[in-house]
Each structure stands twice: as C-alpha cells, then as structure tokens.
file query_32.cif (mmCIF, C-alpha atoms)
data_start
loop_
_atom_site.label_atom_id
_atom_site.label_comp_id
_atom_site.auth_asym_id
_atom_site.auth_seq_id
_atom_site.Cartn_x
_atom_site.Cartn_y
_atom_site.Cartn_z
CA MET A 1084 86.10 138.68 187.99
CA LYS A 1085 85.48 142.09 186.36
CA THR A 1086 88.72 141.81 184.51
CA HIS A 1087 87.75 138.42 183.24
CA SER A 1088 84.30 139.72 182.12
CA SER A 1089 85.92 142.65 180.30
CA ARG A 1090 88.11 140.34 178.32
CA ARG A 1091 85.19 138.17 177.29
CA ALA A 1092 83.16 141.26 176.36
CA GLY A 1093 86.07 142.62 174.29
CA TRP A 1094 86.47 139.34 172.51
CA ARG A 1095 82.77 139.25 171.69
CA HIS A 1096 82.86 142.87 170.47
CA GLY A 1097 85.80 142.25 168.06
CA ALA A 1098 84.50 139.11 166.32
CA PRO A 1099 81.90 140.77 164.02
CA ALA A 1100 84.53 143.19 162.66
CA ARG A 1101 86.89 140.46 161.74
CA GLN A 1102 84.05 138.43 160.20
CA GLY A 1103 82.98 141.50 158.17
CA GLY A 1104 86.49 141.79 156.74
CA VAL A 1105 86.46 138.18 155.64
CA SER A 1106 83.01 138.65 154.09
CA ILE A 1107 84.23 141.60 152.01
CA VAL A 1108 87.12 139.53 150.68
CA LEU A 1109 84.79 136.64 149.86
CA VAL A 1110 82.27 138.94 148.16
CA THR A 1111 85.07 140.54 146.15
CA LEU A 1112 86.36 137.14 145.09
CA ALA A 1113 82.83 136.03 144.26
CA LEU A 1114 82.24 139.15 142.15
CA PHE A 1115 85.55 138.59 140.38
CA MET A 1116 84.69 134.96 139.69
CA LEU A 1117 81.20 135.97 138.55
CA LEU A 1118 82.75 138.50 136.19
CA ALA A 1119 85.21 135.90 134.91
CA PHE A 1120 82.45 133.38 134.29
CA THR A 1121 80.36 136.07 132.59
CA ALA A 1122 83.31 136.97 130.39
CA LEU A 1123 83.89 133.29 129.65
CA SER A 1124 80.22 132.77 128.81
CA VAL A 1125 79.71 135.86 126.65
CA ASP A 1126 83.12 135.95 124.99
CA GLY A 1127 83.23 132.16 124.69
CA GLY A 1128 79.88 132.11 122.91
CA ASN A 1129 81.08 134.87 120.60
CA LEU A 1130 84.27 132.92 119.87
CA PHE A 1131 82.25 129.78 119.16
CA VAL A 1132 80.13 131.61 116.58
CA ALA A 1133 83.19 133.19 114.94
CA ARG A 1134 85.05 129.90 114.81
CA ASN A 1135 82.06 128.12 113.23
CA GLU A 1136 81.83 130.83 110.59
CA LEU A 1137 85.55 130.47 109.86
CA HIS A 1138 85.12 126.70 109.58
CA ASN A 1139 82.28 127.21 107.11
CA ALA A 1140 84.49 129.54 105.07
CA ALA A 1141 87.39 127.08 105.12
CA ASP A 1142 85.08 124.21 104.12
CA ALA A 1143 83.62 126.24 101.26
CA GLY A 1144 87.10 127.15 100.05
CA SER A 1145 88.61 123.67 100.19
CA LEU A 1146 85.56 122.09 98.49
CA ALA A 1147 85.58 124.69 95.72
CA GLY A 1148 89.32 124.25 95.15
CA ALA A 1149 89.05 120.46 95.10
CA ARG A 1150 86.01 120.64 92.80
CA PHE A 1151 88.22 122.35 90.22
CA LEU A 1152 91.51 120.70 91.20
CA TYR A 1153 91.64 119.04 87.78
CA THR A 1154 90.72 120.42 84.38
CA GLU A 1155 87.30 119.52 82.99
CA GLU A 1156 88.40 116.29 81.33
CA GLY A 1157 90.72 115.34 84.19
CA SER A 1158 93.85 115.52 82.04
CA SER A 1159 95.93 117.88 84.20
CA VAL A 1160 96.03 119.69 87.53
CA ASN A 1161 94.40 123.11 87.43
CA PRO A 1162 96.92 125.86 88.34
CA GLY A 1163 94.04 128.13 89.35
CA ALA A 1164 92.63 125.79 92.00
CA ASN A 1165 94.31 127.67 94.88
CA GLN A 1166 92.82 130.99 93.80
CA ILE A 1167 89.38 129.41 93.36
CA ALA A 1168 89.65 128.11 96.93
CA THR A 1169 90.74 131.53 98.21
CA ASP A 1170 87.91 133.36 96.47
CA ALA A 1171 85.29 130.90 97.73
CA ALA A 1172 86.53 131.18 101.32
CA GLN A 1173 86.64 134.98 101.23
CA ALA A 1174 83.08 135.07 99.92
CA ASN A 1175 82.01 133.88 103.38
CA ASN A 1176 81.76 136.39 106.22
CA SER A 1177 82.69 136.05 109.84
CA GLN A 1178 80.61 138.52 111.87
CA SER A 1179 80.21 140.91 108.92
CA ASP A 1180 83.90 140.76 107.95
CA SER A 1181 85.26 138.65 105.09
CA ALA A 1182 87.15 135.62 106.29
CA GLU A 1183 90.90 136.06 106.11
CA VAL A 1184 92.61 133.30 104.11
CA ILE A 1185 95.99 132.46 105.59
CA SER A 1186 96.71 129.80 102.98
CA ALA A 1187 95.06 127.82 100.17
CA LEU A 1188 97.25 125.00 98.92
CA ARG A 1189 97.09 122.07 96.53
CA GLY A 1190 98.62 118.86 97.77
CA HIS A 1191 98.32 115.21 98.69
CA TRP A 1192 96.01 113.71 101.31
CA SER A 1193 96.85 110.28 102.74
CA PHE A 1194 94.07 108.29 104.39
CA ALA A 1195 96.57 105.87 105.91
CA ASN A 1196 98.44 108.61 107.75
CA ARG A 1197 95.64 111.20 107.80
CA THR A 1198 98.09 113.88 106.72
CA PHE A 1199 98.07 116.63 104.10
CA THR A 1200 101.33 117.39 102.26
CA PRO A 1201 101.38 120.62 100.21
CA ASN A 1202 102.72 120.30 96.68
CA ASP A 1203 102.43 122.71 93.74
CA SER A 1204 102.99 120.05 91.07
CA LEU A 1205 100.79 120.39 87.98
CA THR A 1206 101.75 116.99 86.56
CA PRO A 1207 98.97 114.38 86.75
CA VAL A 1208 99.83 110.85 87.84
CA ASN A 1209 99.09 108.06 85.37
CA LEU A 1210 96.24 106.42 87.23
CA SER A 1211 96.41 103.25 85.14
CA GLU A 1212 99.83 102.48 86.58
CA LYS A 1213 98.87 102.76 90.26
CA SER A 1214 96.67 100.95 92.73
CA THR A 1215 94.49 102.87 95.17
CA ALA A 1216 96.86 101.91 98.00
CA GLU A 1217 99.91 103.13 96.07
CA LEU A 1218 98.23 106.45 95.30
CA ASP A 1219 97.54 106.93 99.01
CA GLN A 1220 101.27 106.99 99.77
CA TYR A 1221 102.96 110.35 99.21
CA ASP A 1222 105.65 110.27 96.53
CA PRO A 1223 107.60 113.56 96.35
CA PHE A 1224 108.81 112.73 92.83
CA GLU A 1225 105.42 111.70 91.45
CA PRO A 1226 102.82 113.15 93.82
CA PHE A 1227 99.14 112.40 93.37
CA ILE A 1228 97.63 115.86 93.76
CA ASN A 1229 94.25 114.98 95.24
CA ALA A 1230 93.33 117.60 97.85
CA VAL A 1231 93.14 121.28 98.75
CA GLU A 1232 93.81 122.69 102.21
CA VAL A 1233 92.41 126.07 103.28
CA VAL A 1234 93.27 127.89 106.52
CA THR A 1235 91.09 130.86 107.52
CA ALA A 1236 91.53 133.25 110.42
CA ARG A 1237 90.45 136.39 112.27
CA GLN A 1238 93.75 138.13 112.95
CA GLN A 1239 93.62 141.52 111.24
CA THR A 1240 90.09 141.97 112.58
CA GLN A 1241 90.16 140.03 115.83
CA VAL A 1242 87.07 138.57 117.41
CA GLU A 1243 85.87 141.27 119.78
CA ALA A 1244 86.30 140.90 123.52
CA PHE A 1245 83.41 142.17 125.64
CA PHE A 1246 83.79 141.35 129.33
CA GLY A 1247 87.24 140.05 128.54
CA ARG A 1248 88.48 143.64 128.31
CA VAL A 1249 88.11 143.87 132.08
CA LEU A 1250 90.61 141.04 132.30
CA GLY A 1251 93.00 142.68 129.86
CA PHE A 1252 91.96 141.04 126.54
CA GLU A 1253 91.52 143.45 123.63
CA GLY A 1254 90.41 140.73 121.19
CA TYR A 1255 90.98 137.11 120.17
CA ASP A 1256 92.83 135.46 117.27
CA VAL A 1257 90.85 132.53 115.81
CA MET A 1258 91.84 130.09 113.07
CA ALA A 1259 90.12 127.22 111.23
CA ARG A 1260 91.38 124.58 108.79
CA SER A 1261 89.74 122.35 106.21
CA VAL A 1262 90.95 119.72 103.72
CA ALA A 1263 88.80 118.51 100.83
CA TYR A 1264 89.77 115.39 98.85
CA ILE A 1265 88.89 114.52 95.27
CA GLY A 1266 89.17 110.79 94.67
CA PHE A 1267 87.69 108.26 92.30
CA THR A 1268 84.14 108.09 91.15
CA GLY A 1269 81.86 106.33 93.59
CA THR A 1270 78.37 107.78 93.69
CA LEU A 1271 77.20 108.05 90.09
CA ARG A 1272 74.79 110.73 88.97
CA PRO A 1273 72.11 110.04 86.36
CA GLU A 1274 73.63 109.40 82.92
CA ASP A 1275 77.18 109.11 84.29
CA VAL A 1276 77.49 105.66 82.69
CA ASP A 1277 76.53 105.04 79.09
CA GLN A 1278 75.36 101.46 78.59
CA PRO A 1279 73.68 98.74 80.71
CA ILE A 1280 76.84 96.63 80.64
CA ALA A 1281 78.79 96.03 83.84
CA ILE A 1282 82.52 95.21 83.64
CA CYS A 1283 84.01 92.90 86.29
CA LYS A 1284 86.90 94.45 88.17
CA GLN A 1285 88.66 91.09 87.78
CA ALA A 1286 88.73 91.69 84.01
CA LEU A 1287 90.54 94.99 84.55
CA GLN A 1288 93.22 93.82 86.98
CA ASP A 1289 96.62 92.25 86.56
CA PRO A 1290 97.67 89.22 88.67
CA ASP A 1291 98.67 91.58 91.52
CA GLY A 1292 95.18 93.08 91.67
CA ASN A 1293 96.13 96.44 90.12
CA PHE A 1294 94.16 98.15 87.35
CA SER A 1295 95.69 97.23 83.99
CA CYS A 1296 94.98 98.66 80.56
CA HIS A 1297 97.62 96.58 78.79
CA MET A 1298 95.21 93.90 77.60
CA GLY A 1299 91.84 93.83 75.86
CA ARG A 1300 89.00 91.56 76.91
CA PHE A 1301 85.58 90.52 75.74
CA ILE A 1302 82.09 89.82 77.10
CA PRO A 1303 80.89 87.17 77.69
CA ASP A 1304 83.94 85.21 78.74
CA GLY A 1305 83.50 83.14 81.90
CA ASP A 1306 82.04 84.51 85.12
CA GLN A 1307 84.51 87.32 85.75
CA THR A 1308 84.32 89.53 82.67
CA GLY A 1309 80.94 91.25 82.74
CA GLY A 1310 77.22 91.09 82.11
CA TRP A 1311 74.03 93.06 81.65
CA THR A 1312 72.67 95.41 84.32
CA ASN A 1313 69.55 97.54 84.62
CA PHE A 1314 71.43 99.97 86.91
CA GLU A 1315 68.93 99.33 89.73
CA HIS A 1316 69.72 98.75 93.40
CA ASP A 1317 67.68 96.45 95.65
CA GLN A 1318 66.81 94.10 92.81
CA ASN A 1319 67.96 90.61 91.85
CA GLY A 1320 68.55 89.91 88.19
CA ALA A 1321 68.36 92.15 85.13
CA THR A 1322 66.23 89.80 83.05
CA ASN A 1323 63.68 92.06 81.35
CA ALA A 1324 64.80 92.09 77.71
CA ASP A 1325 62.63 95.09 76.77
CA GLU A 1326 64.00 97.09 79.70
CA LEU A 1327 67.60 96.32 78.73
CA ARG A 1328 66.95 97.13 75.06
CA ASN A 1329 65.45 100.49 76.01
CA LEU A 1330 68.46 101.27 78.19
CA VAL A 1331 70.82 100.41 75.32
CA GLU A 1332 68.95 102.86 73.11
CA GLY A 1333 68.76 105.48 75.89
CA ASP A 1334 71.23 107.82 77.60
CA GLY A 1335 72.55 105.66 80.43
CA ASN A 1336 71.51 105.25 84.05
CA GLU A 1337 68.29 107.09 84.81
CA ASN A 1338 68.81 107.19 88.59
CA GLU A 1339 71.73 107.82 90.91
CA MET A 1340 73.84 104.75 91.71
CA TYR A 1341 75.66 104.11 94.98
CA TYR A 1342 79.16 102.79 95.44
CA GLY A 1343 79.31 99.73 97.68
CA ASP A 1344 75.71 98.65 97.05
CA ASP A 1345 74.61 95.79 94.81
CA ILE A 1346 73.11 96.39 91.38
CA ALA A 1347 70.97 93.86 89.51
CA THR A 1348 72.94 91.87 86.93
CA ASN A 1349 72.47 89.15 84.31
CA ASN A 1350 75.13 86.83 82.94
CA GLY A 1351 72.87 85.29 80.29
CA GLN A 1352 72.43 86.00 76.61
CA VAL A 1353 69.73 88.60 75.97
CA GLN A 1354 69.26 88.54 72.21
CA THR A 1355 67.13 91.66 71.79
CA ALA A 1356 69.36 93.77 74.05
CA PHE A 1357 72.52 92.55 72.33
CA GLN A 1358 71.09 93.22 68.86
CA ALA A 1359 70.15 96.73 69.94
CA PHE A 1360 73.71 97.24 71.22
CA TYR A 1361 75.18 95.83 68.00
CA ASP A 1362 73.03 98.11 65.84
CA ARG A 1363 73.98 101.15 67.88
CA TRP A 1364 77.67 100.25 67.68
CA VAL A 1365 77.43 100.04 63.89
CA ASP A 1366 75.64 103.39 63.74
CA GLU A 1367 78.23 105.04 65.98
CA THR A 1368 81.35 103.64 64.32
CA ASN A 1369 80.52 102.13 60.93
CA ARG A 1370 82.71 99.30 62.29
CA GLU A 1371 85.84 101.31 61.48
CA THR A 1372 86.67 103.26 64.69
CA THR A 1373 86.63 102.54 68.39
CA TRP A 1374 83.61 103.59 70.48
CA SER A 1375 84.38 105.03 73.93
CA LEU A 1376 81.94 104.23 76.74
CA THR A 1377 81.93 104.74 80.48
CA LEU A 1378 80.61 101.60 82.17
CA PRO A 1379 79.98 100.53 85.78
CA VAL A 1380 82.52 98.22 87.41
CA ILE A 1381 81.28 95.37 89.62
CA ASP A 1382 82.95 92.80 91.88
CA CYS A 1383 82.56 89.37 90.27
CA GLU A 1384 84.49 87.26 92.77
CA ASP A 1385 81.48 84.94 93.06
CA GLY A 1386 80.45 85.27 89.42
CA VAL A 1387 77.94 87.53 87.71
CA ALA A 1388 74.22 87.66 88.69
CA PRO A 1389 71.75 88.00 90.17
CA SER A 1390 73.36 91.06 91.78
CA ASN A 1391 76.89 92.35 92.21
CA ARG A 1392 78.51 95.10 94.27
CA LEU A 1393 79.19 98.35 92.41
CA VAL A 1394 82.84 99.30 92.97
CA GLY A 1395 83.59 101.98 90.38
CA THR A 1396 83.47 103.00 86.74
CA VAL A 1397 85.82 102.64 83.79
CA THR A 1398 86.10 104.03 80.29
CA VAL A 1399 86.55 101.36 77.63
CA HIS A 1400 87.04 101.50 73.88
CA ILE A 1401 84.81 99.03 72.05
CA VAL A 1402 86.85 97.64 69.16
CA TRP A 1403 84.51 94.97 67.85
CA ALA A 1404 81.25 93.10 68.29
CA VAL A 1405 80.02 89.83 66.76
CA SER A 1406 76.29 89.37 66.30
CA ASN A 1407 74.37 86.13 66.70
CA ALA A 1408 74.07 85.64 62.93
CA GLN A 1409 77.81 86.03 62.28
CA GLU A 1410 79.09 82.99 64.18
CA ASN A 1411 79.93 81.02 61.01
CA LYS A 1412 80.62 84.01 58.74
CA ILE A 1413 84.08 85.08 59.84
CA ASP A 1414 85.28 85.60 56.27
CA GLU A 1415 82.49 88.07 55.65
CA PHE A 1416 82.39 89.91 58.97
CA ALA A 1417 85.90 89.80 60.47
CA PRO A 1418 87.35 93.33 60.76
CA GLU A 1419 89.38 94.80 57.92
CA ARG A 1420 90.42 98.10 59.52
CA MET A 1421 90.16 99.85 62.87
CA GLY A 1422 91.06 103.42 63.77
CA LEU A 1423 91.61 104.60 67.34
CA GLU A 1424 89.14 107.24 68.46
CA SER A 1425 91.75 108.97 70.61
CA ASP A 1426 95.38 108.78 71.64
CA MET A 1427 95.57 106.29 74.49
CA GLU A 1428 98.24 107.92 76.60
CA GLY A 1429 100.11 106.10 79.29
CA VAL A 1430 100.35 102.74 77.56
CA GLU A 1431 101.83 101.42 74.34
CA TRP A 1432 98.57 100.67 72.57
CA PRO A 1433 99.38 100.16 68.89
CA GLY A 1434 97.97 102.57 66.37
CA ASN A 1435 95.43 102.10 63.63
CA TRP A 1436 95.09 98.61 62.18
CA GLU A 1437 94.32 97.28 58.68
CA ASN A 1438 94.49 93.89 56.97
CA ALA A 1439 93.19 93.18 53.47
CA SER A 1440 93.39 89.36 53.56
CA THR A 1441 90.39 87.54 52.11
CA ASP A 1442 90.74 84.94 54.86
CA GLY A 1443 88.61 86.09 57.79
CA GLN A 1444 90.49 83.97 60.32
CA VAL A 1445 93.78 85.52 59.23
CA ARG A 1446 92.34 89.01 59.62
CA TRP A 1447 90.87 88.13 63.00
CA ASP A 1448 94.09 86.61 64.35
CA ASP A 1449 96.04 89.68 63.26
CA PHE A 1450 93.40 91.98 64.79
CA VAL A 1451 93.50 90.09 68.11
CA ASP A 1452 97.29 90.19 68.21
CA HIS A 1453 97.42 93.88 67.32
CA PHE A 1454 95.10 94.91 70.16
CA SER A 1455 96.24 92.26 72.66
CA LEU A 1456 92.72 90.86 73.05
CA GLN A 1457 92.72 88.01 75.57
CA SER A 1458 90.30 85.54 77.04
CA GLN A 1459 89.97 85.04 80.78
CA ASP A 1460 92.73 82.41 80.85
CA GLY A 1461 95.15 84.66 78.93
CA ALA A 1462 94.77 82.93 75.55
CA PRO A 1463 94.06 85.03 72.42
CA ALA A 1464 90.39 85.98 72.16
CA ASP A 1465 88.42 83.78 69.82
CA TRP A 1466 85.66 84.67 67.36
CA ARG A 1467 82.47 84.15 69.30
CA LYS A 1468 78.87 85.14 68.62
CA MET A 1469 77.18 87.79 70.77
CA SER A 1470 80.49 89.05 72.11
CA ILE A 1471 81.77 92.58 72.76
CA TYR A 1472 85.55 93.17 72.58
CA PHE A 1473 86.96 96.14 74.46
CA LEU A 1474 90.20 97.90 75.42
CA PRO A 1475 90.34 99.54 78.89
CA SER A 1476 91.34 103.15 78.43
CA CYS A 1477 94.59 104.38 79.92
CA ASP A 1478 93.73 107.97 79.09
CA TYR A 1479 92.62 110.51 81.65
CA HIS A 1480 88.86 110.49 81.72
CA GLU A 1481 86.21 113.08 82.28
CA PRO A 1482 85.48 113.23 86.03
CA LYS A 1483 82.16 111.69 87.07
CA GLY A 1484 80.04 111.36 90.19
CA GLN A 1485 80.99 111.73 93.82
CA THR A 1486 84.22 110.66 95.48
CA GLY A 1487 84.10 107.19 97.01
CA GLY A 1488 85.06 104.47 94.52
CA GLU A 1489 88.11 102.40 93.75
CA ASN A 1490 90.72 103.48 91.21
CA PHE A 1491 89.62 102.26 87.80
CA GLY A 1492 91.00 105.29 86.05
CA ILE A 1493 88.22 107.87 86.48
CA LEU A 1494 88.41 110.74 88.94
CA ALA A 1495 85.26 111.92 90.66
CA ARG A 1496 83.71 115.31 90.03
CA ILE A 1497 82.45 115.95 93.56
CA PRO A 1498 84.98 116.14 96.44
CA VAL A 1499 84.47 115.28 100.10
CA LEU A 1500 85.73 116.86 103.32
CA VAL A 1501 88.35 114.72 105.05
CA ASP A 1502 89.86 116.94 107.73
#

call {"tool": "encode", "arguments": {"input": "query_32.cif", "output": "structure tokens"}}
result
Amino acid sequence: MKTHSSRRAGWRHGAPARQGGVSIVLVTLALFMLLAFTALSVDGGNLFVARNELHNAADAGSLAGARFLYTEEGSSVNPGANQIATDAAQANNSQSDSAEVISALRGHWSFANRTFTPNDSLTPVNLSEKSTAELDQYDPFEPFINAVEVVTARQQTQVEAFFGRVLGFEGYDVMARSVAYIGFTGTLRPEDVDQPIAICKQALQDPDGNFSCHMGRFIPDGDQTGGWTNFEHDQNGATNADELRNLVEGDGNENEMYYGDDIATNNGQVQTAFQAFYDRWVDETNRETTWSLTLPVIDCEDGVAPSNRLVGTVTVHIVWAVSNAQENKIDEFAPERMGLESDMEGVEWPGNWENASTDGQVRWDDFVDHFSLQSQDGAPADWRKMSIYFLPSCDYHEPKGQTGGENFGILARIPVLVD
C-alpha cells in the first residue's frame, strides 16, 4: 500500500514540472507570433505608405508623358515624352527619397486586350483612315502611339524594415506601374468648339461607318447632316434666335460640354443666326479662302432636334455659304475662286480652284466637282439658300478637351489613367 501511495505521490509531484515546460514553449511561440504580427503590422503599414507614394509618382509621370505625347498641334509624336514622364515621376518623393524610375516608355494601349505594348515610333497614324476599333488593335508596322507607361521603384533605397530585421529582413523592394492613355476629344472645355453648328456623325462616315474626309457635305441636307446648337446640356431645342446669333458672333461654347450627354439642337432655319454666320464667313475669308472651324459632332440616327447625343468634335473647312437672298442669283454669287487655307494631308483633296465663266451654274458645277461636294444621297450638291458647304479635314488637328470621345480626327489634350 505504501509503495502504491509513493507512486501516486511521485506522479503528482512530476506533473507541474512537465506542464511548466509546455507553458514555456507556448509562451515562446506566442511571443514569436506576437513579434511576427507586430512586424507585419508596422512594416506592412510602412510598405503600404511607400507603395502608395510610388503609385502617385508613377501616375504623375504617365499623365505628364501622355499630356505631351503629341506636339502642340497633334501633328507628330513628341520624342521628349519619355523624359517628361521621367522628370515628373522623379519630382515625387517616397519617404523623403525621390522615386526611382525603372522605365518610362511610349507605346500603344489596347482597351480590347487591356495591354500596353512599348513602341518608340515617332510616326503619327493618319486618323482619317482608321476607325476607333481599328486604332485599338496594335499594328507593329503602323502603331497608334497613344499611351505612356511608367514604372517606379524603391530598390536602391529600399523601404526600411523595422521589426522585420528580427526576422532577417534588411529592407523591402517595392514597385508600382501606371499607364496613361491619350485618346480622342470627349469632354470639351470652354471655347474648344468655334460655332453653334453641330455636324452629324452620319455626314462624316463612309458606308462602313468609318470617318471619311473624302467627300464634302452641306447643311441643311436631310436629317443626318447637322443643325444649330446652343451648346447646352439638359435642354430641348436651340430655338432662341438671339442666343444663336450671339454665339455665332462670340468665341464658341461658354461652358464645358460632356461626351455622351445630349445637347440642345435645332434643325430649322434660323434666319438671323444664319445671316450672322454668313457675314462672319465673308469677313473671315472674303469668299476666297477656306475657313477652318472645330465643331461638335452629334449622333443623328433619329434625326436632328430637339436634342442629340454629343459624340465628338471635328475640324471642317468651310468652302462656301449661300445666303437667303442669293437663291435665284447664282450667276452673281456662285464662287469664282477658292484657295485652301492649309495643306490637307492624308487625302487627295485638289488644290486651289478658279473658274472665270460668266455662267454661274457652270462655275458652281465645276466647284462642286472639284471639291467633291455631295448631298446626303451621294448626288452632287445643289445650289441652295441658307446652306453651308464644308470639307472634313484630314489634317492632324490641335488637341482639345479630355479623352473620351469617338475618333473624328481630333486627339484630346487631357489624358486618363487606364492601368
């Protein structure tokens, strides 16, 4: 019995020692885990701050590079865009150190594939020959340079490790990437468009729905050529003649305009507005040279008025206008000469025109043929009162507004972040 009691007493005496050993192991593990979580919390928060700062630097760089991706008038790719992007990124600090720029590259961004393809080409693509969908596809032989990619990092000066040093980390490499895209004008700033005349996109497209500058058109001609607009959103109808006349005599849209939203339109004849336009055209050109204007583009699938969706902008060359009083005076007022205001690159527009015939109809027919002026059904444009005859420009145009519109030949000025 004593032997039995001794064994039980010994067993009871040894249990606390073994339990104490287990407790030490558990406390050690708990302390290690606590230290790991502390390291994760402190160092992770520090990494999060550093990475955000690198992202800000990359965003600033890509936006600056894309902002100057093209020269001022949009005629060619800017070879200095990469350096502009680099400088802008490096101007941003990450925890008191300048952001390191691993790369700053021009290239092509595809929305369909959501991929950026670097390309150093400086040759601009002829926008008048391509649809928006075609420009989205990367062509290595004729790339549409439309984006800048910037990659920033903390490698030479790593993000400092605090508690992580206990676990063997001296510091952390961090990288960030940004792509900014410059597309076609969508959001229009004040005075980005010149006259309160909206062109239908249907009047600018070929039968396949692509932008075409190979034919001239005139307004009014059916329900898919164009009409008056007061530039205002959230209104139906641009019917105030005094308002339209004042806009004709002014400097363009007074307020910002938004791609995808309706603007008020009018498909009717507004005598006072048209006469103001006619008088200004005469003052600008003396009826002897083209007059270049940037105008809003609207979707006229269901006709013009009382409002139509704004889808872009286009530069057109006004070649002629016929006032209300000239309907039966073609001999007196038909054009005799017309000089082109600029070289219209990218399309075989004929050069200057002149005809000295005393027969106005002969002069007019020759003028129409020379500039390929067509009505909506494809027939030669006829002499019609209160009409404006225009040639869509195939030239590269001065960038305008913010990226977001369809391709009607004008690049935007303000890029957007895409990746």

call {"tool": "residues_around", "arguments": {"input": "query_32.cif", "residues": "region 1170-1187 of chain A", "least_positions_apart": "2", "cutoff": "6 Å", "atoms": "only C-alpha atoms", "output": "count of residues only"}}
result
14

call {"tool": "residues_around", "arguments": {"input": "query_32.cif", "residues": "region 1189-1205 of chain A", "least_positions_apart": "4", "cutoff": "6 Å", "atoms": "all atoms listed in the file", "output": "number ranges by chain"}}
result
A: 1160, 1219, 1228-1231

call {"tool": "atom_distance", "arguments": {"input": "query_32.cif", "atom1": "CA of Ala1408 (chain A)", "atom2": "CA of Ala1359 (chain A)"}}
result
13.7 Å

call {"tool": "resolve_selection", "arguments": {"input": "query_32.cif", "expression": "the PyMOL selection byres ((chain A and resi 1460) around 12)", "output": "PyMOL selection string"}}
result
chain A and resi 1285-1286+1290+1300-1301+1304-1308+1456-1459+1461-1465

call {"tool": "atom_distance", "arguments": {"input": "query_32.cif", "atom1": "CA of Gly1148 (chain A)", "atom2": "CA of Val1380 (chain A)"}}
result
28.0 Å

call {"tool": "resolve_selection", "arguments": {"input": "query_32.cif", "expression": "the PyMOL selection byres ((chain A and resi 1435-1442) around 8)", "output": "JSON, numbers by chain"}}
result
{"A": [1414, 1419, 1420, 1421, 1422, 1423, 1433, 1434, 1443, 1444, 1445, 1446, 1449, 1450, 1453]}

call {"tool": "atom_distance", "arguments": {"input": "query_32.cif", "atom1": "CA of Gly1333 (chain A)", "atom2": "CA of Glu1274 (chain A)"}}
result
9.4 Å

call {"tool": "closest_residue", "arguments": {"input": "query_32.cif", "among": "A:Leu1474, A:Glu1332, A:Phe1267, A:Glu1212", "to": "Gly1292 (chain A)", "atoms": "only C-alpha atoms"}}
result
A:Glu1212

call {"tool": "closest_residue", "arguments": {"input": "query_32.cif", "among": "A:Ser1476, A:Ser1214, A:Asn1293, A:Ser1145", "to": "Ile1265 (chain A)", "atoms": "all atoms listed in the file"}}
result
A:Ser1145

call {"tool": "resolve_selection", "arguments": {"input": "query_32.cif", "expression": "the PyMOL selection byres ((chain A and resi 1321) around 9)", "output": "NGL selection string"}}
result
:A and (1311-1315 or 1318-1320 or 1322-1324 or 1326-1327 or 1346-1350 or 1388-1390)
